[in-house]
file coords_32.cif (mmCIF, C-alpha atoms and all ligand atoms)
data_data
#
loop_
_atom_site.label_atom_id
_atom_site.label_comp_id
_atom_site.auth_asym_id
_atom_site.auth_seq_id
_atom_site.Cartn_x
_atom_site.Cartn_y
_atom_site.Cartn_z
CA MET J 452 128.41 84.49 123.18
CA GLU J 453 125.43 86.83 123.49
CA LYS J 454 122.82 86.32 120.76
CA SER J 455 122.71 89.21 118.28
CA LYS J 456 119.75 91.55 118.51
CA VAL J 457 117.77 91.22 115.27
CA LEU J 458 115.57 93.82 113.60
CA VAL J 459 113.24 92.45 110.92
CA VAL J 460 111.98 95.05 108.44
CA GLY J 461 108.88 93.73 106.70
CA GLY J 462 108.32 91.48 109.70
CA THR J 463 104.59 90.97 109.12
CA GLY J 464 105.13 89.87 105.52
CA TYR J 465 104.88 86.42 104.03
CA ILE J 466 108.50 85.45 104.62
CA GLY J 467 109.11 88.23 107.17
CA ARG J 468 106.75 86.77 109.77
CA ARG J 469 108.54 83.42 109.46
CA ILE J 470 111.90 85.14 109.95
CA VAL J 471 110.60 86.84 113.11
CA LYS J 472 109.37 83.48 114.38
CA ALA J 473 112.71 81.79 113.63
CA SER J 474 114.63 84.65 115.27
CA LEU J 475 112.58 84.27 118.45
CA ALA J 476 112.85 80.47 118.30
CA GLN J 477 116.64 80.67 118.02
CA GLY J 478 116.80 82.90 121.09
CA HIS J 479 117.64 86.26 119.51
CA PRO J 480 116.32 89.46 121.07
CA THR J 481 113.95 90.22 118.19
CA PHE J 482 112.63 93.56 117.02
CA LEU J 483 110.13 94.46 114.32
CA LEU J 484 109.88 97.78 112.54
CA GLN J 485 106.42 99.24 113.16
CA ARG J 486 105.60 101.63 110.34
CA PRO J 487 103.22 104.57 110.98
CA ASP J 488 101.14 103.98 107.85
CA LEU J 489 99.43 101.00 109.43
CA GLY J 490 96.03 102.64 108.93
CA LEU J 491 93.21 100.20 109.50
CA ASP J 492 95.17 97.06 108.69
CA ILE J 493 93.93 95.29 111.79
CA ASP J 494 95.49 91.94 110.82
CA LYS J 495 98.90 93.58 110.57
CA LEU J 496 98.43 95.27 113.94
CA HIS J 497 97.33 92.04 115.58
CA MET J 498 100.33 90.23 114.09
CA LEU J 499 102.64 92.90 115.51
CA LEU J 500 100.96 92.62 118.92
CA SER J 501 101.13 88.83 118.76
CA PHE J 502 104.88 88.99 118.17
CA LYS J 503 105.10 91.42 121.11
CA ASN J 504 103.31 88.78 123.20
CA GLN J 505 105.95 86.28 122.10
CA GLY J 506 108.72 88.56 123.39
CA ALA J 507 109.54 90.65 120.33
CA ARG J 508 109.84 94.40 120.62
CA LEU J 509 108.27 96.89 118.22
CA LEU J 510 110.40 99.80 117.03
CA GLN J 511 108.42 102.66 115.52
CA ALA J 512 110.09 104.15 112.47
CA SER J 513 109.13 105.47 109.08
CA PHE J 514 110.84 105.19 105.72
CA SER J 515 110.09 108.91 105.29
CA ASP J 516 111.91 109.80 108.51
CA HIS J 517 115.61 108.99 108.17
CA GLN J 518 116.45 109.69 111.81
CA SER J 519 113.70 107.35 113.01
CA LEU J 520 115.31 104.55 110.97
CA VAL J 521 118.78 105.38 112.34
CA ASP J 522 117.46 105.41 115.93
CA ALA J 523 115.79 102.02 115.49
CA ILE J 524 118.85 100.48 113.82
CA LYS J 525 121.10 101.72 116.64
CA LYS J 526 119.19 99.43 119.02
CA VAL J 527 120.14 96.20 117.20
CA ASP J 528 123.13 94.29 115.79
CA VAL J 529 121.59 92.62 112.72
CA VAL J 530 119.02 93.95 110.26
CA ILE J 531 117.03 91.62 108.02
CA SER J 532 114.82 93.08 105.30
CA ALA J 533 111.91 91.03 104.01
CA MET J 534 110.35 93.83 101.99
CA SER J 535 107.95 92.79 99.27
CA GLY J 536 109.41 92.34 95.84
CA VAL J 537 106.70 91.04 93.59
CA HIS J 538 104.73 94.30 93.40
CA PHE J 539 107.43 95.79 91.20
CA ARG J 540 105.06 98.64 90.32
CA SER J 541 105.48 100.16 93.78
CA HIS J 542 109.27 99.71 93.75
CA ASN J 543 109.21 98.66 97.42
CA LEU J 544 112.62 97.08 96.98
CA LEU J 545 114.20 100.46 96.23
CA LEU J 546 112.85 101.72 99.56
CA GLN J 547 115.62 99.55 100.94
CA LEU J 548 118.08 102.19 99.72
CA LYS J 549 116.78 104.36 102.57
CA LEU J 550 117.41 101.47 104.94
CA VAL J 551 120.95 101.09 103.61
CA GLN J 552 121.62 104.80 104.15
CA ALA J 553 120.29 104.58 107.71
CA ILE J 554 122.42 101.48 108.43
CA LYS J 555 125.45 103.33 107.06
CA ASP J 556 124.76 106.38 109.25
CA ALA J 557 124.02 104.27 112.34
CA GLY J 558 127.37 102.51 111.89
CA ASN J 559 126.70 99.68 114.40
CA VAL J 560 125.21 96.92 112.22
CA LYS J 561 127.20 93.69 112.19
CA ARG J 562 125.20 92.06 109.36
CA PHE J 563 122.51 93.22 106.92
CA LEU J 564 120.41 90.77 104.92
CA PRO J 565 118.51 92.57 102.12
CA SER J 566 115.23 91.25 100.80
CA GLU J 567 116.11 88.57 98.23
CA PHE J 568 115.05 85.01 99.25
CA GLY J 569 114.61 83.73 95.70
CA MET J 570 116.60 83.42 92.50
CA ASP J 571 120.07 84.91 92.83
CA PRO J 572 119.66 88.36 91.25
CA ALA J 573 123.37 88.39 90.34
CA ARG J 574 122.64 85.43 88.04
CA MET J 575 119.54 86.92 86.42
CA GLY J 576 121.13 89.47 84.10
CA HIS J 577 119.31 87.77 81.23
CA ALA J 578 115.90 87.87 82.96
CA LEU J 579 112.91 88.75 80.79
CA GLU J 580 110.79 91.87 81.09
CA PRO J 581 108.77 92.78 83.10
CA GLY J 582 109.93 90.44 85.90
CA ARG J 583 113.54 91.54 85.50
CA VAL J 584 112.67 94.76 87.37
CA SER J 585 112.83 93.06 90.75
CA PHE J 586 116.23 91.53 90.00
CA ASP J 587 117.58 94.90 88.81
CA GLU J 588 116.28 96.56 91.98
CA LYS J 589 117.83 93.86 94.17
CA MET J 590 121.17 94.45 92.42
CA LYS J 591 120.89 98.22 93.02
CA VAL J 592 120.42 97.51 96.72
CA ARG J 593 123.44 95.16 96.72
CA LYS J 594 125.53 97.90 95.07
CA ALA J 595 124.53 100.41 97.75
CA ILE J 596 125.32 97.90 100.53
CA GLU J 597 128.76 97.11 99.13
CA GLU J 598 129.61 100.76 98.43
CA ALA J 599 128.73 101.57 102.05
CA ASN J 600 130.91 98.67 103.25
CA ILE J 601 128.00 97.25 105.22
CA PRO J 602 128.64 93.61 106.21
CA PHE J 603 126.04 91.48 104.40
CA THR J 604 124.70 88.03 103.71
CA TYR J 605 122.55 87.38 100.63
CA ILE J 606 120.05 84.53 100.88
CA SER J 607 119.11 82.74 97.65
CA ALA J 608 116.19 80.59 98.79
CA ASN J 609 115.08 79.14 95.43
CA CYS J 610 111.36 78.22 95.17
CA PHE J 611 109.02 78.77 98.09
CA ALA J 612 107.00 75.57 98.42
CA GLY J 613 103.83 77.60 98.91
CA TYR J 614 104.09 79.09 95.44
CA PHE J 615 105.81 76.24 93.61
CA ALA J 616 105.36 72.86 95.31
CA ALA J 617 101.81 73.01 96.73
CA ASN J 618 100.47 73.52 93.22
CA LEU J 619 102.95 71.15 91.52
CA SER J 620 104.37 74.34 89.98
CA GLN J 621 101.11 75.26 88.21
CA MET J 622 100.65 79.01 87.72
CA GLY J 623 97.63 80.88 89.07
CA THR J 624 96.79 78.39 91.83
CA LEU J 625 98.08 77.41 95.27
CA LEU J 626 96.65 73.87 95.35
CA PRO J 627 97.54 70.64 93.58
CA PRO J 628 95.62 70.08 90.34
CA LYS J 629 92.91 67.40 90.43
CA ASP J 630 93.29 65.62 87.10
CA LYS J 631 95.73 67.20 84.70
CA VAL J 632 99.06 68.89 85.24
CA LEU J 633 100.96 71.19 82.89
CA LEU J 634 104.58 70.12 82.46
CA TYR J 635 107.22 72.74 81.65
CA GLY J 636 109.25 71.35 78.80
CA ASP J 637 109.88 67.65 79.48
CA GLY J 638 109.49 68.28 83.21
CA ASN J 639 113.00 66.98 83.89
CA VAL J 640 114.75 70.28 84.70
CA LYS J 641 115.99 70.20 88.29
CA VAL J 642 114.69 72.97 90.59
CA VAL J 643 114.87 73.48 94.35
CA TYR J 644 111.76 73.61 96.53
CA MET J 645 112.02 75.11 100.03
CA ASP J 646 109.49 75.16 102.84
CA GLU J 647 109.24 78.81 103.86
CA ASP J 648 109.76 78.00 107.54
CA ASP J 649 113.07 76.34 106.63
CA VAL J 650 114.04 79.43 104.62
CA ALA J 651 113.54 81.43 107.82
CA THR J 652 115.43 78.90 109.99
CA TYR J 653 118.46 78.89 107.69
CA THR J 654 118.32 82.69 107.35
CA ILE J 655 118.62 83.19 111.11
CA LYS J 656 121.39 80.58 111.36
CA THR J 657 123.57 82.63 109.00
CA ILE J 658 123.47 85.97 110.81
CA ASP J 659 126.14 85.27 113.45
CA ASP J 660 128.17 82.84 111.36
CA PRO J 661 131.57 84.17 110.19
CA ARG J 662 131.42 81.65 107.33
CA THR J 663 128.56 83.61 105.75
CA LEU J 664 130.01 87.12 106.15
CA ASN J 665 129.84 89.01 102.83
CA LYS J 666 128.70 85.79 101.11
CA THR J 667 125.67 84.55 99.20
CA VAL J 668 124.10 81.55 100.93
CA TYR J 669 122.16 79.21 98.61
CA LEU J 670 119.46 77.02 100.12
CA ARG J 671 119.82 73.85 98.02
CA PRO J 672 119.37 70.79 100.28
CA GLN J 673 120.02 67.59 98.32
CA GLU J 674 116.60 65.95 98.77
CA ASN J 675 114.77 69.08 97.69
CA ILE J 676 116.57 69.26 94.36
CA LEU J 677 113.74 67.84 92.26
CA SER J 678 112.39 68.05 88.74
CA GLN J 679 108.74 68.96 88.25
CA ARG J 680 108.15 65.32 87.20
CA GLU J 681 109.71 64.06 90.44
CA LEU J 682 107.52 66.42 92.48
CA ILE J 683 104.43 65.24 90.59
CA GLU J 684 105.41 61.59 91.17
CA LYS J 685 105.69 62.28 94.91
CA TRP J 686 102.20 63.78 94.91
CA GLU J 687 100.78 60.88 92.84
CA LYS J 688 102.28 58.38 95.30
CA LEU J 689 100.93 60.31 98.32
CA SER J 690 97.47 60.89 96.83
CA GLY J 691 97.19 57.51 95.10
CA LYS J 692 95.92 59.39 92.04
CA GLN J 693 97.61 59.56 88.66
CA LEU J 694 97.57 62.96 86.96
CA GLN J 695 97.44 63.38 83.22
CA ASN J 696 100.57 65.19 82.03
CA GLN J 697 99.90 68.01 79.56
CA VAL J 698 103.00 68.85 77.56
CA GLY J 699 101.81 71.90 75.65
CA VAL J 700 103.72 74.44 77.70
CA GLY J 701 106.83 73.87 75.61
CA HIS J 702 104.86 75.02 72.57
CA PHE J 703 103.79 78.15 74.43
CA TYR J 704 107.43 78.82 75.29
CA HIS J 705 108.50 78.58 71.62
CA ILE J 706 105.52 80.66 70.43
CA PHE J 707 105.41 83.40 73.08
CA TYR J 708 108.98 83.61 74.38
CA GLU J 709 111.14 82.63 71.42
CA GLY J 710 108.67 84.06 68.88
CA CYS J 711 109.21 81.09 66.58
CA LEU J 712 106.26 82.05 64.34
CA THR J 713 107.53 85.50 63.48
CA ASN J 714 111.23 85.61 64.27
CA PHE J 715 112.18 84.95 60.65
CA GLU J 716 111.56 86.53 57.24
CA ILE J 717 109.58 84.49 54.72
CA GLY J 718 112.33 84.08 52.13
CA GLU J 719 112.46 83.62 48.38
CA ASP J 720 111.92 79.88 48.65
CA ALA J 721 108.54 80.28 50.41
CA GLU J 722 105.27 82.23 49.96
CA GLU J 723 102.81 84.04 52.26
CA ALA J 724 99.17 83.13 51.54
CA SER J 725 97.36 86.47 52.03
CA GLN J 726 99.88 88.06 49.66
CA LEU J 727 99.25 85.33 47.11
CA TYR J 728 95.45 85.46 47.54
CA PRO J 729 94.48 89.05 48.57
CA GLU J 730 90.90 88.37 47.53
CA VAL J 731 90.40 86.27 50.65
CA ASN J 732 88.89 88.54 53.37
CA TYR J 733 90.52 86.73 56.29
CA LYS J 734 88.90 87.05 59.76
CA ARG J 735 90.56 89.50 62.10
CA MET J 736 90.64 88.54 65.77
CA ASP J 737 88.40 91.41 66.98
CA GLN J 738 85.76 89.89 64.66
CA TYR J 739 86.63 86.38 65.86
CA LEU J 740 86.31 87.27 69.57
CA GLN J 741 82.83 88.86 69.21
CA ILE J 742 81.05 85.49 69.33
CA PHE J 743 82.35 85.00 72.89
CA LEU J 744 80.75 88.23 74.25
P1 LIG J 801 105.19 90.66 101.19
O1 LIG J 801 104.40 91.00 99.96
O2 LIG J 801 104.65 89.72 102.18
O3 LIG J 801 105.59 92.07 101.87
C1 LIG J 801 106.55 92.06 102.89
C2 LIG J 801 106.55 93.36 103.61
O4 LIG J 801 106.95 94.40 102.77
C3 LIG J 801 105.21 93.83 104.15
O5 LIG J 801 104.81 93.05 105.23
C4 LIG J 801 105.57 95.26 104.52
O6 LIG J 801 106.25 95.31 105.76
C5 LIG J 801 106.64 95.60 103.49
N1 LIG J 801 106.12 96.64 102.61
C6 LIG J 801 105.24 96.51 101.61
N2 LIG J 801 105.02 97.71 101.04
C7 LIG J 801 105.78 98.60 101.72
C8 LIG J 801 106.00 99.99 101.64
N3 LIG J 801 105.36 100.71 100.72
N4 LIG J 801 106.83 100.58 102.52
C9 LIG J 801 107.48 99.85 103.46
N5 LIG J 801 107.33 98.51 103.60
C10 LIG J 801 106.49 97.93 102.73
O7 LIG J 801 106.63 90.14 100.72
P2 LIG J 801 107.08 88.62 100.44
O8 LIG J 801 107.31 87.96 101.74
O9 LIG J 801 106.14 88.01 99.45
O10 LIG J 801 108.49 88.85 99.69
C11 LIG J 801 109.65 89.09 100.42
C12 LIG J 801 110.85 88.70 99.56
O11 LIG J 801 110.75 87.31 99.25
C13 LIG J 801 110.94 89.45 98.24
O12 LIG J 801 112.28 89.77 97.98
C14 LIG J 801 110.43 88.43 97.22
O13 LIG J 801 111.07 88.59 95.96
C15 LIG J 801 110.83 87.11 97.84
N6 LIG J 801 109.91 86.01 97.45
C16 LIG J 801 110.45 84.84 96.95
C17 LIG J 801 109.62 83.79 96.62
C18 LIG J 801 110.21 82.50 96.14
O14 LIG J 801 109.49 81.63 95.67
N7 LIG J 801 111.47 82.33 96.25
C19 LIG J 801 108.17 83.88 96.73
C20 LIG J 801 107.71 85.12 97.30
C21 LIG J 801 108.55 86.16 97.64
P3 LIG J 801 105.56 95.49 107.19
O15 LIG J 801 105.54 94.11 107.72
O16 LIG J 801 106.47 96.43 107.90
O17 LIG J 801 104.20 96.07 106.96
C1 LIG J 802 112.10 81.49 92.80
O1 LIG J 802 112.52 82.85 92.97
C2 LIG J 802 111.53 83.80 93.02
C3 LIG J 802 110.19 83.50 92.91
C4 LIG J 802 111.96 85.13 93.16
O2 LIG J 802 113.30 85.40 93.19
C5 LIG J 802 111.03 86.15 93.24
C6 LIG J 802 109.69 85.86 93.14
C7 LIG J 802 109.28 84.54 92.98
C8 LIG J 802 107.85 84.14 92.83
C9 LIG J 802 106.85 85.24 92.87
C10 LIG J 802 106.40 85.43 94.28
O3 LIG J 802 105.39 86.33 94.41
O4 LIG J 802 107.72 83.59 91.50
C11 LIG J 802 106.50 83.83 90.98
C12 LIG J 802 105.76 84.75 91.89
C13 LIG J 802 104.63 84.00 92.49
C14 LIG J 802 103.63 83.66 91.45
C15 LIG J 802 103.03 82.42 91.53
C16 LIG J 802 103.26 84.55 90.44
C17 LIG J 802 102.27 84.19 89.53
C18 LIG J 802 101.66 82.96 89.64
O5 LIG J 802 100.67 82.56 88.77
C19 LIG J 802 102.04 82.09 90.65
O6 LIG J 802 101.38 80.90 90.64
C20 LIG J 802 101.60 80.09 91.76
#
call {"tool": "encode", "arguments": {"input": "coords_32.cif", "output": "structure tokens"}}
result
Amino acid sequence: MEKSKVLVVGGTGYIGRRIVKASLAQGHPTFLLQRPDLGLDIDKLHMLLSFKNQGARLLQASFSDHQSLVDAIKKVDVVISAMSGVHFRSHNLLLQLKLVQAIKDAGNVKRFLPSEFGMDPARMGHALEPGRVSFDEKMKVRKAIEEANIPFTYISANCFAGYFAANLSQMGTLLPPKDKVLLYGDGNVKVVYMDEDDVATYTIKTIDDPRTLNKTVYLRPQENILSQRELIEKWEKLSGKQLQNQVGVGHFYHIFYEGCLTNFEIGEDAEEASQLYPEVNYKRMDQYLQIFL
């Protein structure tokens, strides 16, 4: 059977470039959307040209020109969006609504994969602000897809290793810590770590598979279901270095997420000190912080 022609939207992005690579590797005629607002982003241009050298074709279209999107989409069978999600300020994900409209009008698309590749947004109804914005936007895109009867596959890729395994799941860094590691809770909650190239490989495998039509596909390979402790142990064995586990994060969760210090009234059977002793001129934090200037 002829391999589906694949258009990747967001094809120079972090996961997008890996999806383009996997599409080419699996023998699909592969196309990338080339947006006009490239400007002076020379790295992006060179990545586009490099993919062209590897046999991909560039389709010029703009999100502000509906017909250009329809014309590009008419040239392919499958559309995969890898639009950025984390910059929820710019609402890139909602730009996908224009893509959905163009796919609907083109009428030829056999499968559309919207930009998800993480936690399943359908299972994140309880997500906290401000991060919940990206899940809400992903659900708006799903609604538009399903209302337009566009055949879809949703990919829930769990944790990209680059953001969650390389750093032993430490925030604000992309490298393993050298001596101490912050544990989340007791560190025994099971998560799933995925190498981004595998995310791309699995993504391309789903596009022509009838078993994944109008389905969510979870990437949860058995050996990558690991707790943070298990991941740390793997690193300690590989590096021959023991890390000192810091367990304070649980406290931060109770204090800053649950609000355990202030989520109750001080009742009749207790007292509040500054009410009892108003004569004490307690230090406010703007005073306290001055010494650090
Ligand atoms: P990137 O930040 O790499 O951006 C991807 C692409 O989005 C860009 O290359 C660009 O496409 C496109 N884009 C950005 N701004 C605009 C715009 N204004 N108009 C049109 N296109 C735009 O995205 P990621 O790869 O980091 O994220 C992709 C998906 O993966 C998201 O849904 C995100 O939530 C998810 N993710 C999941 C992670 C996990 O751990 N599971 C980790 C990181 C991301 P172009 O190439 O055309 O310029
Ligand atoms: C696991 O599922 C997801 C993960 C998802 O559905 C959407 C986004 C993510 C990533 C984000 C990718 O940009 O989770 C966190 C965020 C990456 C990030 C890593 C943000 C702040 C950090 O300090 C950080 O440290 C590695």
call {"tool": "residues_near_point", "arguments": {"input": "coords_32.cif", "point": "(106.3, 92.8, 122.1)", "cutoff": "12 Å", "atoms": "only C-alpha atoms", "output": "VMD selection string"}}
result
chain J and resid 471 475 480 to 485 496 to 510
call {"tool": "residues_near_ligand", "arguments": {"input": "coords_32.cif", "ligand": "ligand LIG 801 (chain J)", "cutoff": "9 Å", "atoms": "all atoms listed in the file", "output": "VMD selection string"}}
result
chain J and resid 459 to 468 483 to 486 488 to 489 495 499 513 to 514 532 to 538 541 to 544 546 to 547 565 to 570 585 to 586 589 607 to 615 644 to 645 647
call {"tool": "closest_residue", "arguments": {"input": "coords_32.cif", "among": "J:Met622, J:Ala616, J:Val642, J:Val529", "to": "Ile683 (chain J)", "atoms": "only C-alpha atoms"}}
result
J:Ala616
call {"tool": "closest_residue", "arguments": {"input": "coords_32.cif", "among": "J:Gln552, J:Ser474, J:Asn714, J:Gln621", "to": "ligand LIG 802 (chain J)", "atoms": "all atoms listed in the file"}}
result
J:Gln621
call {"tool": "residues_around", "arguments": {"input": "coords_32.cif", "residues": "Val640 (chain J)", "least_positions_apart": "2", "cutoff": "10 Å", "atoms": "all atoms listed in the file", "output": "JSON, numbers by chain"}}
result
{"J": [635, 636, 637, 638, 642, 676, 677, 678, 679, 680, 681]}
call {"tool": "decode", "arguments": {"input": "coords_32.cif", "residues": "region 454-479 of chain J", "atoms": "N, CA, C and O atoms", "output": "CSV table (one decimal), in the first residue's frame"}}
result
chain,number,residue,atom,x,y,z
J,454,LYS,N,2.6,4.7,0.8
J,454,LYS,CA,2.8,5.3,2.1
J,454,LYS,C,2.1,6.7,2.1
J,454,LYS,O,2.2,7.4,1.1
J,455,SER,N,1.3,7.0,3.1
J,455,SER,CA,0.6,8.3,3.2
J,455,SER,C,1.6,9.4,3.1
J,455,SER,O,2.7,9.4,3.6
J,456,LYS,N,1.1,10.5,2.4
J,456,LYS,CA,1.9,11.7,2.3
J,456,LYS,C,1.6,12.5,3.6
J,456,LYS,O,0.4,12.7,4.0
J,457,VAL,N,2.7,12.9,4.3
J,457,VAL,CA,2.6,13.5,5.6
J,457,VAL,C,3.0,15.0,5.6
J,457,VAL,O,4.1,15.3,5.1
J,458,LEU,N,2.1,15.8,6.1
J,458,LEU,CA,2.5,17.2,6.3
J,458,LEU,C,2.7,17.5,7.8
J,458,LEU,O,1.8,17.2,8.6
J,459,VAL,N,3.9,17.9,8.2
J,459,VAL,CA,4.1,18.3,9.6
J,459,VAL,C,4.0,19.8,9.7
J,459,VAL,O,4.8,20.6,9.1
J,460,VAL,N,3.1,20.3,10.6
J,460,VAL,CA,3.0,21.7,10.9
J,460,VAL,C,3.7,21.9,12.2
J,460,VAL,O,3.5,21.2,13.2
J,461,GLY,N,4.7,22.8,12.2
J,461,GLY,CA,5.6,23.0,13.4
J,461,GLY,C,6.8,22.0,13.3
J,461,GLY,O,7.3,21.6,14.3
J,462,GLY,N,7.1,21.8,12.0
J,462,GLY,CA,8.1,20.8,11.7
J,462,GLY,C,9.6,21.1,12.1
J,462,GLY,O,10.4,20.3,12.0
J,463,THR,N,9.8,22.4,12.5
J,463,THR,CA,11.2,22.7,12.9
J,463,THR,C,11.2,22.8,14.4
J,463,THR,O,12.2,23.2,15.0
J,464,GLY,N,10.1,22.4,15.1
J,464,GLY,CA,10.1,22.5,16.6
J,464,GLY,C,10.8,21.4,17.2
J,464,GLY,O,11.3,20.5,16.6
J,465,TYR,N,10.7,21.4,18.6
J,465,TYR,CA,11.5,20.4,19.4
J,465,TYR,C,11.0,19.0,19.1
J,465,TYR,O,11.8,18.1,18.8
J,466,ILE,N,9.7,18.8,19.1
J,466,ILE,CA,9.2,17.4,18.8
J,466,ILE,C,8.9,17.4,17.3
J,466,ILE,O,9.1,16.3,16.7
J,467,GLY,N,8.6,18.5,16.7
J,467,GLY,CA,8.2,18.5,15.3
J,467,GLY,C,9.4,18.0,14.4
J,467,GLY,O,9.2,17.2,13.5
J,468,ARG,N,10.6,18.4,14.7
J,468,ARG,CA,11.7,18.0,13.8
J,468,ARG,C,12.0,16.5,13.9
J,468,ARG,O,12.4,15.9,12.9
J,469,ARG,N,11.6,16.0,15.1
J,469,ARG,CA,11.8,14.5,15.3
J,469,ARG,C,10.7,13.8,14.5
J,469,ARG,O,10.9,12.7,14.0
J,470,ILE,N,9.5,14.4,14.4
J,470,ILE,CA,8.4,13.7,13.7
J,470,ILE,C,8.8,13.8,12.2
J,470,ILE,O,8.5,12.8,11.5
J,471,VAL,N,9.3,14.9,11.7
J,471,VAL,CA,9.7,14.9,10.3
J,471,VAL,C,10.8,13.8,10.0
J,471,VAL,O,10.6,13.1,9.1
J,472,LYS,N,11.7,13.7,10.9
J,472,LYS,CA,12.8,12.7,10.7
J,472,LYS,C,12.2,11.3,10.7
J,472,LYS,O,12.5,10.5,9.8
J,473,ALA,N,11.3,11.1,11.6
J,473,ALA,CA,10.7,9.7,11.7
J,473,ALA,C,9.8,9.4,10.4
J,473,ALA,O,9.8,8.3,9.9
J,474,SER,N,9.1,10.5,10.0
J,474,SER,CA,8.3,10.3,8.8
J,474,SER,C,9.2,10.0,7.6
J,474,SER,O,8.9,9.0,6.8
J,475,LEU,N,10.3,10.7,7.4
J,475,LEU,CA,11.2,10.4,6.3
J,475,LEU,C,11.8,8.9,6.5
J,475,LEU,O,11.8,8.1,5.6
J,476,ALA,N,12.2,8.6,7.7
J,476,ALA,CA,12.8,7.3,8.0
J,476,ALA,C,11.8,6.2,7.7
J,476,ALA,O,12.3,5.1,7.3
J,477,GLN,N,10.5,6.4,7.9
J,477,GLN,CA,9.6,5.4,7.7
J,477,GLN,C,9.0,5.4,6.3
J,477,GLN,O,8.0,4.7,6.0
J,478,GLY,N,9.7,6.2,5.4
J,478,GLY,CA,9.4,6.1,4.0
J,478,GLY,C,8.2,6.9,3.5
J,478,GLY,O,7.7,6.7,2.4
J,479,HIS,N,7.7,7.8,4.3
J,479,HIS,CA,6.5,8.6,3.9
J,479,HIS,C,7.0,9.8,3.1
J,479,HIS,O,8.0,10.5,3.5
